[in-house]
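Novice: Attaching a single structure in C-alpha cells format; questions to follow.
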Amino acid sequence: MNDPLHAVFREFVGETAENLAAIETELLALENAADPKGHFREIQRCLHNLKGNVSVFGLVHTARFTHALEDLVGVLQQGAEPVTSQHVGLLLEAVDRLRKAVPRTPPAEGDIEPILESIDWLAATARALLNDAGGSDHQPVARAAAASGEQISTIRIEARRLDALLDLVTELTASTAALHQRLEAADERVHDEIFEARQQTLTLQRQLQEEVMRIRMVPVGAFLLSFRRAVRDLAAQTGKEVDLVIEGEDVEADVSVVGSLRDPLTHMIRNAVDHGIERPEVRSARGKPATGTIRLAARHETGEIVFEIADDGAGLDTERILARGRERGLITESAHLRPDEIHALIFEPGFSTSPEVSAISGRGVGMDVVRRNVEGLRGRIRIDSDPGAGTRFTLRLPLTLAILDGFVVGVADERYILPMTHLLECFDLPAERMDDGLTGLINRRGASLPFVRLGAFLGNASQHERRENVVVVQVGDRRLGFVVDHLHGEVQAIVKPLNRVMEGVPGLAGTSILGDGRVALLLDLPSIVQKILHTLPASDEPDGAPLSAL
C-alpha cells in the first residue's frame, strides 16, 4: 500500500476510535437517562458515520454488522419498555466486538474480516432485545440529525509533529537567551534599535511557546468519561451498586499528562470499587444508601491540574495499616505517626492489609506503582480517609510536562534545575558547617534543618573554595537543604526526556538547554528525598537526629 493510503487509513482508525468511544459513553448515559432521545440520536449518528467509513475501505461484513446494530438501536428507540441494564450490556459487547474487528492497517485483498464470527451472535442478540422491547413488529424509525450547535474547526496532529515543533521552540528559546546575554555584555555603543529588535524577538518567542502549549492541551472530559465503563463492569462483577460522578470535564491538561495518568487512575478506581465501596446490604445496615458513589474530579489550581478520586465507602483501616507496617518492619513499635503518615504506608512496594488477594485488586497492592507514576510526572499524591465515610486521593500535577519553572544551581562545572514548586528559600551555608561531611544540621529560625551536599550525593565532587549556598526544598511535609556551589537563578526550562544512556538513573527527570548553550539536568526531588530517607546509614544521621525528621 502506498503512503497516502496509509495516511488516510490512520485518519480512519482515529475517527473510528472516537465514534466507538462516543457510542460507549452515550450507552452508559442511556442506562439511567430520564429522557433517552438525545442519547439515541447521538448513538445513531456515530453508527451511521462508522458504517459509511468502513464501507469506503471495503470492510463489507463490518459495515453489515454496523447496519444491523444501527437498526437494532432504532428498534429500542421505539420500544415501549425502558432500556434496561441487560440491553446496555449487550450493546456494549457489540461495541467491543466492533472495536476488535477494525484493522489497524489497510486490509489486503483476501483478508478475512474478524467480525464474521460475530454476525450470528448479533442476530441472537437482536432477537433477545426485540422480544424485550415488545416484539419484532417495530420498524426502525428515521434517524434524526444530530443536534446543531456551535461548530469548532479541528484537525488531528500527529504527536511527532508536535514534538518537532517543540524542538524548534527549544532552540529558539536557547538562541534568544544567548542573544540576550551577549547584548547585555556588549559595548554601550550598541544601538537602541538592536535592543528593540531583541525585545520583539522575545515577545514572538513567548507567543510561539504559548501557542505550542495550547496545541498540546486537551480537555480531560473524554478521558474521565472512559472510566464509566470500567466502574459499571467492576460493580457488576463484585455484586455492588456504584455510581461514578464526573466533574471538570472541560478542564484542559497536557496530552502527555493525560496519557500517563490512565494506569494510576485505573488502579485507584478498581481499588475503590473492590475494597472501598461496601456491598449494598452492608451499606444499608450502616445507614448509608445502598448505592455507593465514586467521584472523579479535575480542576485547575495555582498553576497545577488536580485530580481527585473519592469514594463514600468504608475508608482506610488506620490501625490495620499500622499493624501491617510494624509486621513488615517498615516502622518501629515505638514510632508515633500521624494518620496521614500511616496511610502513606500503602505506597510501599507490595504492601497489603487484605488477607485475600481479590481477582480485581487488593488495597495497597500496586500502589507503589501509582506513586512512582505520579512522581514521574513531577506530581504528588495525598490521602485523606475518614473511617466509615470514605477515602479521597488527591493528585497534583503540572499543567504541562514540556515547560518547567525552575531554579538553576551549580555544583563544580555541572548545572542542575530544581522545580520552583518545591523551592522555599536560599541562603549562605554558615561558616561553622563548612567542614561537615555529606550531611549536617543547620539551626534555621530556631528549628533544625537537615542538609545534604548535592555534589557528593550525585557523585560530583564540589569545588567550594569561597562559600557554599543552601537551597531549601519541600516535598510533602519534609524539608531538606541542598548545599551547592553556585546559584544561577530562575529559568523557564523546556524539558526534554533523558537519552537512553541516562534513562532510569535515580534522581534525574530530564534535561534542558540553558541560554548559554549548556545542558542542565532536571532533578527529580521526590525520588531524591525518598532515597535519602531510606538509604543513608545510621552513622550518617547528623548529631543522632532521625532521618525521618526530613
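Labels used: A, B, ... for chains in the order of the C-alpha cells, numbers from 1 for residues in each chain, and numbers from 1 for ligands as shown.
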What's the 12 Å shell around A:Ala21, counting only C-alpha atoms, without same-chain residues fewer than 5 positions away, as a list in words?

Specialist: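 Counting only C-alpha atoms, the residues come to Gly14, Glu15, Thr16, Glu26, Leu27, Leu28, Glu42, Ile43, Cys46, Leu47, Leu50, Leu92, Val95, Asp96, Leu98, Arg99, Gly221, Ala222, Phe223, Leu224, Leu225, Ser226, Phe227, Arg228 and Arg229 of chain A.
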
Novice: With distances taken over only C-alpha atoms, which residue among A:Arg382, A:Arg104, A:Arg127, A:Arg479 lies nearest A:Ala68?

Specialist: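 The closest residue to A:Ala68 is A:Arg127.
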
Novice: Need to verify the contact set: stretch 166-174 of chain A, 10 Å, only C-alpha atoms, exclusion of same-chain residues closer than 2 positions in sequence. Can you return it as an MDAnalysis selection string?

Specialist: chainID A and resid 160:164 176:180 201:202 205:206 208:209 212:213 216 402:403 492:496 512:518

Novice: Which residue out of A:Pro36, A:Pro349, A:Pro430, A:Pro506 has the minimum interatomic distance to A:Gly79 when only C-alpha atoms are used?

Specialist: A:Pro36

Novice: List the spatial neighbours of A:Ile442 as a list in words - criterion: any atom at most 12 Å away, only C-alpha atoms, same-chain residues fewer than 4 positions off excluded.

Specialist: Phe427, Asp428, Leu429, Pro430, Ala431, Glu432, Arg433, Met434, Asp436, Gly446, Ala447, Ser448, Leu449, Pro450, Phe451, Val452, Val470, Val472, Arg479, Leu480, Gly481, Phe482, Val483, Pro542, Asp543 and Ala545 of chain A

Novice: Within 8 Å of A:Gly313, counting only C-alpha atoms, which residues show up once you throw out same-chain ones fewer than 4 positions away? Write them as a ChimeraX atom specification, please.

Specialist: /A:272,276-278,292-293,388-391

Novice: Could you give me, as a ChimeraX atom specification, the residues within 9 Å of A:Met268, counting only C-alpha atoms and dropping anything in the same chain fewer than 3 positions from it?

Specialist: /A:263-265,271-273,309,363,367,370,393

Novice: Dump N, CA and C atoms for the selected residues as a PDB file, in the first residue's frame?

Specialist:
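For reference, out.pdb as written:
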```pdb
ATOM      1  N   ASP A 263      -3.127   4.511  33.834  1.00  0.00           N
ATOM      2  CA  ASP A 263      -2.858   3.362  34.709  1.00  0.00           C
ATOM      3  C   ASP A 263      -3.043   3.693  36.182  1.00  0.00           C
ATOM      4  N   PRO A 264      -2.470   4.820  36.700  1.00  0.00           N
ATOM      5  CA  PRO A 264      -2.696   5.131  38.123  1.00  0.00           C
ATOM      6  C   PRO A 264      -4.172   5.307  38.476  1.00  0.00           C
ATOM      7  N   LEU A 265      -4.922   6.034  37.643  1.00  0.00           N
ATOM      8  CA  LEU A 265      -6.332   6.243  37.960  1.00  0.00           C
ATOM      9  C   LEU A 265      -7.122   4.941  37.870  1.00  0.00           C
ATOM     10  N   ASN A 271      -9.538  -0.259  43.010  1.00  0.00           N
ATOM     11  CA  ASN A 271      -9.460  -0.430  44.460  1.00  0.00           C
ATOM     12  C   ASN A 271     -10.698   0.138  45.147  1.00  0.00           C
ATOM     13  N   ALA A 272     -11.150   1.315  44.673  1.00  0.00           N
ATOM     14  CA  ALA A 272     -12.312   1.943  45.302  1.00  0.00           C
ATOM     15  C   ALA A 272     -13.553   1.068  45.167  1.00  0.00           C
ATOM     16  N   VAL A 273     -13.742   0.459  43.986  1.00  0.00           N
ATOM     17  CA  VAL A 273     -14.909  -0.403  43.782  1.00  0.00           C
ATOM     18  C   VAL A 273     -14.774  -1.692  44.584  1.00  0.00           C
ATOM     19  N   ILE A 309      -9.953  11.397  43.387  1.00  0.00           N
ATOM     20  CA  ILE A 309     -10.707  10.148  43.324  1.00  0.00           C
ATOM     21  C   ILE A 309     -11.220   9.885  44.732  1.00  0.00           C
ATOM     22  N   ARG A 363      -6.239  -3.686  48.378  1.00  0.00           N
ATOM     23  CA  ARG A 363      -5.961  -2.348  48.882  1.00  0.00           C
ATOM     24  C   ARG A 363      -4.477  -2.180  49.145  1.00  0.00           C
ATOM     25  N   MET A 367       0.095   0.049  44.708  1.00  0.00           N
ATOM     26  CA  MET A 367       0.018   1.485  44.947  1.00  0.00           C
ATOM     27  C   MET A 367       1.394   2.133  44.871  1.00  0.00           C
ATOM     28  N   VAL A 370       1.545   3.415  41.509  1.00  0.00           N
ATOM     29  CA  VAL A 370       0.775   4.650  41.392  1.00  0.00           C
ATOM     30  C   VAL A 370       1.633   5.833  41.810  1.00  0.00           C
ATOM     31  N   PHE A 393      -8.232  10.407  47.331  1.00  0.00           N
ATOM     32  CA  PHE A 393      -6.873  10.560  46.820  1.00  0.00           C
ATOM     33  C   PHE A 393      -6.821  11.854  46.012  1.00  0.00           C
TER      34      PHE A 393
END
```

Novice: Can you list, as a PyMOL selection string, every protein, DNA or RNA residue that comes within 10 Å of A:His48 when you count only C-alpha atoms, leaving out same-chain residues fewer than 6 positions away?

Specialist: chain A and resi 19+42+63+66-67+70+143

Novice: Could you give me, as a ChimeraX atom specification, each residue of stretch 454-527 of chain A that DSSP assigns to strand (DSSP E or B) when run on this structure's backbone?

Specialist: /A:469-475,478-484,486-494,496,508-513,519-523
